[in-house]
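Trainee: Structure provided below as structure tokens; questions to follow.
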Amino acid sequence: MQLLDTRVPAVVLRIDRNIFHHGTLGAVRSLGRAGVEVHVVADSMGSPVARSRFLREMHPPPPPRSSPREIAAALRRVATRIKRPAVLVPMDDASAVAVGRMREELAPSYLLPSPGTLPERAADKADLAALCASLDIAHPVTLVPDSPAEAADATRRLGLPLVAKWSRPWLVPAGSTLRSTVLVNSAQQARELYLRTEEAGSPLLLQAYLPPGPNRDWFFHGYADRSGAVRAGGSGRKQRAWPRGAGLTAVGCWTANPQVQALAERLTGELGYRGILDLDFRRCGATGLYHLLDFNPRPGAQFRLFSDSAGLDVVRALHLDLTHRPLRAAAPLLGRSFVVENYAPLAALRPAPRGRELAWHATDDPAPGRAMWSLWCRHVSRRLRERLCAVRPAPASARVARQAAAQPLIDDEKASSC
């Protein structure tokens with residue numbers, strides 16, 4: 001068992017309003033079980049996380065679309081209440097980017113990884129495409145159109161379907177019909193998406209589509225310590241996604257993949273990145289190459305899959321490193337699985353001879369799981385009512401909005417959050 005410095009509290013930060021983000025609960029449990037005092041800055045309205053016995057206190061988050069300076073001000077208020085320096089754990093892109101920008105201002109109150117590459121550079125999907133090209137790391141062919149006509153022409157150059165992404169998805173307005181990532185099936189659809197660039201807040205990227213398939217979707221979680229060495233974590237295979245064929249990891253398995261590991265370590269080293277990282281890869285069925293799809297400068301929602309024989313995961317690694325405690329090597333638990341029960345309920349009931357981590361249920365912390373099921377049933381009922389209403393005739397403008405909202409999601413965290 002890794003011994004954490006329990007004198008140093010932790011603050012888990014999430015700006016995205018998503019009460020079903022199981023990664024936040026995973027961070028609370030991981031640190032709380034180790035005896036760390038855990039505070040969460042996130043929307044507490046109905047959140048199952050608020051029911052965890054390992055949570056010390058919930059704090060109100062900054063308003064949606066707050067500036068980095070406003071986010072830093074909210075964190076300083078929390079620091080004043082805690083009254084001693086804390087390890088800060090951003091759980092979504094918006095918070096990771098804001099903390100990276102305001103690092104010097106936050107440093108007196110929070111323990112943070114050394115600057116290295118700013119999280120913003122890694123999270124920006126246009127920068128990532130350019131970075132992969134410069135490092136000769138496989139990445140889907142990506143175009144950045146300058147006009148509606150160029151967006152339509154990209155469908156001819158890349159073929160259909162293709163993937164549309166916003167360069168900085170954390171800027172997409174909450175509650176809009178825009179999605180961070182969608183599958184484009186026509187030139188007209190590409191043209192219409194481009195026309196919403198100003199609303200999205202960042203450039204539109206059009207990307208060649210790599211079809212999913214058996215053993216093609218992989219992810220890598222790790223922690224780059226003060227020396228740059230990648231510790232904790234490992235490579236995982238996405239066995240089931242939600243939505244199907246894309247989206248977040250509903251069922252994953254800790255699986256050794258030396259190629260994915262080598263790519264992750266090479267990329268981290270070239271960037272000089274420090275901190276927690278979550279990478280998404282898809283293997284091309286034609287070439288066998290692993291294409292990097294996303295670099296997330298924060299824990300992935302399924303990070304608890306990679307809890308080794310000493311109980312070390314990337315969140316605990318962060319706390320240990322920033323409090324100058326040793327990160328002792330331990331055996332990886334290959335074959336261990338991770339299941340998100342509300343997306344894959346049957347998988348949660350199957351035998352797991354090599355061990356399994358459930359996203360919500362835990363025998364030592366049952367209340368969040370019960371709260372999730374209550375909320376999930378209401379969520380599903382509401383969605384069913386909306387679909388029934390959608391069957392009725394509606395004005396053309398309403399139909400267009402519904403069609404945009406119904407575009408298939410390709411990305412997770414991303415759709416939730418891999």
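Order determines the names: the first chain of the structure tokens is A, the second B, and so forth; residues in each chain are numbered 1 upward, and ligands are numbered 1 upward as they are shown.
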Looking only at the backbone, which of the residues in segment 205-408 of chain A does DSSP tag as strand (DSSP E or B), as an MDAnalysis selection string?

Mentor: chainID A and resid 205:208 217:224 230:242 248:254 275:283 290:296 337:339 356:358

Trainee: Residues within 12 Å of Leu267 of chain A, please, as a ChimeraX atom specification. Count only C-alpha atoms; anything in the same chain fewer than 3 positions from it doesn't count.

Mentor: /A:117,122,128,131-138,220,224,228-230,260-264,270-274,277-279,292,294-295

Trainee: With a distance cut-off of 9 Å and only C-alpha atoms, select the neighbouring residues of Leu206 of chain A, excluding the residue or stretch itself and same-chain residues fewer than 6 positions from it, and output the selection as a list in words.

Mentor: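 The neighbour list is Val141, Thr142, Leu143, Val144, Pro145, Ala151, Ala154, Thr155, Leu158, Leu162, Val163, Ala164, Lys165, Trp166, Val184 and Ala190 of chain A.
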
Trainee: Please produce a file of the residues just selected, as a short mmCIF file (atom, residue, chain, number, x, y, z; two decimals), in the first residue's frame, where the atoms kept are N, CA, C and O atoms.

Mentor:
data_model
loop_
_atom_site.label_atom_id
_atom_site.label_comp_id
_atom_site.auth_asym_id
_atom_site.auth_seq_id
_atom_site.Cartn_x
_atom_site.Cartn_y
_atom_site.Cartn_z
N VAL A 141 -5.75 12.04 -40.93
CA VAL A 141 -5.59 13.22 -41.78
C VAL A 141 -6.63 14.26 -41.38
O VAL A 141 -7.82 13.97 -41.27
N THR A 142 -6.15 15.48 -41.10
CA THR A 142 -7.01 16.52 -40.55
C THR A 142 -6.91 17.79 -41.38
O THR A 142 -5.81 18.23 -41.72
N LEU A 143 -8.05 18.37 -41.71
CA LEU A 143 -8.13 19.63 -42.46
C LEU A 143 -8.80 20.68 -41.59
O LEU A 143 -9.72 20.37 -40.82
N VAL A 144 -8.36 21.93 -41.73
CA VAL A 144 -8.96 23.05 -41.01
C VAL A 144 -9.51 24.02 -42.05
O VAL A 144 -8.76 24.84 -42.60
N PRO A 145 -10.78 23.92 -42.40
CA PRO A 145 -11.34 24.75 -43.47
C PRO A 145 -11.40 26.22 -43.09
O PRO A 145 -11.56 26.57 -41.93
N ALA A 151 -15.07 23.62 -46.30
CA ALA A 151 -15.61 22.56 -45.46
C ALA A 151 -16.33 21.52 -46.32
O ALA A 151 -16.17 20.31 -46.12
N ALA A 154 -13.87 19.41 -48.24
CA ALA A 154 -13.16 18.43 -47.42
C ALA A 154 -13.85 17.07 -47.47
O ALA A 154 -13.19 16.03 -47.33
N THR A 155 -15.16 17.06 -47.65
CA THR A 155 -15.87 15.78 -47.71
C THR A 155 -15.45 14.99 -48.95
O THR A 155 -15.46 13.76 -48.94
N LEU A 158 -11.54 13.92 -48.13
CA LEU A 158 -11.38 12.92 -47.08
C LEU A 158 -12.31 11.73 -47.24
O LEU A 158 -12.06 10.67 -46.66
N LEU A 162 -16.92 11.45 -42.39
CA LEU A 162 -15.72 12.00 -41.78
C LEU A 162 -16.08 12.53 -40.40
O LEU A 162 -17.25 12.63 -40.04
N VAL A 163 -15.06 12.85 -39.63
CA VAL A 163 -15.25 13.30 -38.25
C VAL A 163 -15.08 14.80 -38.18
O VAL A 163 -14.11 15.35 -38.72
N ALA A 164 -16.01 15.49 -37.53
CA ALA A 164 -15.90 16.93 -37.29
C ALA A 164 -15.66 17.16 -35.81
O ALA A 164 -16.36 16.61 -34.96
N LYS A 165 -14.64 17.98 -35.50
CA LYS A 165 -14.31 18.30 -34.12
C LYS A 165 -14.11 19.80 -34.00
O LYS A 165 -13.66 20.45 -34.94
N TRP A 166 -14.40 20.33 -32.84
CA TRP A 166 -14.03 21.70 -32.53
C TRP A 166 -12.66 21.67 -31.86
O TRP A 166 -12.41 20.84 -30.99
N VAL A 184 -19.90 13.27 -39.75
CA VAL A 184 -20.47 14.04 -40.85
C VAL A 184 -20.73 13.12 -42.03
O VAL A 184 -19.85 12.35 -42.45
N ALA A 190 -21.30 19.46 -43.39
CA ALA A 190 -19.99 20.08 -43.11
C ALA A 190 -20.08 21.59 -43.26
O ALA A 190 -19.53 22.35 -42.45
#

Trainee: Name the residues in contact with Ala72 of chain A at a cut-off of 9 Å, using only C-alpha atoms, excluding same-chain residues fewer than 6 positions from it; report them as a VMD selection string.

Mentor: chain A and resid 98 to 99 102 to 103 105 to 106

Trainee: List the neighbours of Val38 of chain A out to 12 Å using only C-alpha atoms; skip same-chain residues closer than 2 positions along the sequence, and give me the result as JSON, numbers by chain.

Mentor: {"A": [6, 7, 8, 9, 10, 11, 12, 13, 24, 25, 26, 27, 28, 29, 30, 31, 32, 33, 34, 35, 36, 40, 41, 49, 50, 52, 53, 54, 55, 56, 57, 58, 59, 78, 82, 86, 87, 88, 89, 319]}

Trainee: Do a neighbour search on Gly23 of chain A at 8 Å with only C-alpha atoms, toss out local chain neighbours closer than 6 positions, and write the hits as a list of chain:residue names.

Mentor: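 The residues satisfying every condition are A:Met91, A:Pro299, A:Gly300, A:Ala301, A:Gln302, A:Phe303, A:Ala359.
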
Trainee: Output N, CA, C and O atoms for every residue in the selection just made, as an mmCIF file, in the first residue's frame.

Mentor:
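Saved result, selection_30.cif, follows:
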data_model
loop_
_atom_site.group_PDB
_atom_site.id
_atom_site.type_symbol
_atom_site.label_atom_id
_atom_site.label_comp_id
_atom_site.auth_asym_id
_atom_site.auth_seq_id
_atom_site.Cartn_x
_atom_site.Cartn_y
_atom_site.Cartn_z
ATOM 1 N N MET A 91 -10.365 17.681 -13.356
ATOM 2 C CA MET A 91 -10.984 16.478 -13.905
ATOM 3 C C MET A 91 -11.572 16.668 -15.298
ATOM 4 O O MET A 91 -12.119 15.719 -15.858
ATOM 5 N N PRO A 299 -7.056 13.185 -15.609
ATOM 6 C CA PRO A 299 -7.430 11.770 -15.509
ATOM 7 C C PRO A 299 -8.591 11.444 -16.444
ATOM 8 O O PRO A 299 -9.529 12.229 -16.603
ATOM 9 N N GLY A 300 -8.526 10.288 -17.078
ATOM 10 C CA GLY A 300 -9.683 9.793 -17.810
ATOM 11 C C GLY A 300 -10.704 9.266 -16.825
ATOM 12 O O GLY A 300 -10.372 8.899 -15.689
ATOM 13 N N ALA A 301 -11.969 9.216 -17.250
ATOM 14 C CA ALA A 301 -13.027 8.813 -16.326
ATOM 15 C C ALA A 301 -12.833 7.397 -15.790
ATOM 16 O O ALA A 301 -13.288 7.068 -14.698
ATOM 17 N N GLN A 302 -12.132 6.550 -16.553
ATOM 18 C CA GLN A 302 -11.935 5.156 -16.140
ATOM 19 C C GLN A 302 -10.560 4.922 -15.528
ATOM 20 O O GLN A 302 -10.064 3.794 -15.485
ATOM 21 N N PHE A 303 -9.929 5.969 -14.990
ATOM 22 C CA PHE A 303 -8.552 5.839 -14.504
ATOM 23 C C PHE A 303 -8.398 4.786 -13.417
ATOM 24 O O PHE A 303 -7.320 4.205 -13.246
ATOM 25 N N ALA A 359 -17.724 1.516 -11.730
ATOM 26 C CA ALA A 359 -17.654 2.971 -11.700
ATOM 27 C C ALA A 359 -18.413 3.554 -10.512
ATOM 28 O O ALA A 359 -17.981 4.542 -9.914
#

Trainee: Taking only C-alpha atoms into account, name the residue in A:Leu171, A:Ala286, A:Leu210, A:Val251 that is nearest to Glu341 of chain A.

Mentor: A:Val251

Trainee: Quick check, in Å to one decimal: how far apart do atom CA of Leu183 of chain A and atom CA of Ala200 of chain A lie?

Mentor: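 Value for the atom CA of Leu183 of chain A-atom CA of Ala200 of chain A distance: 16.4 Å.
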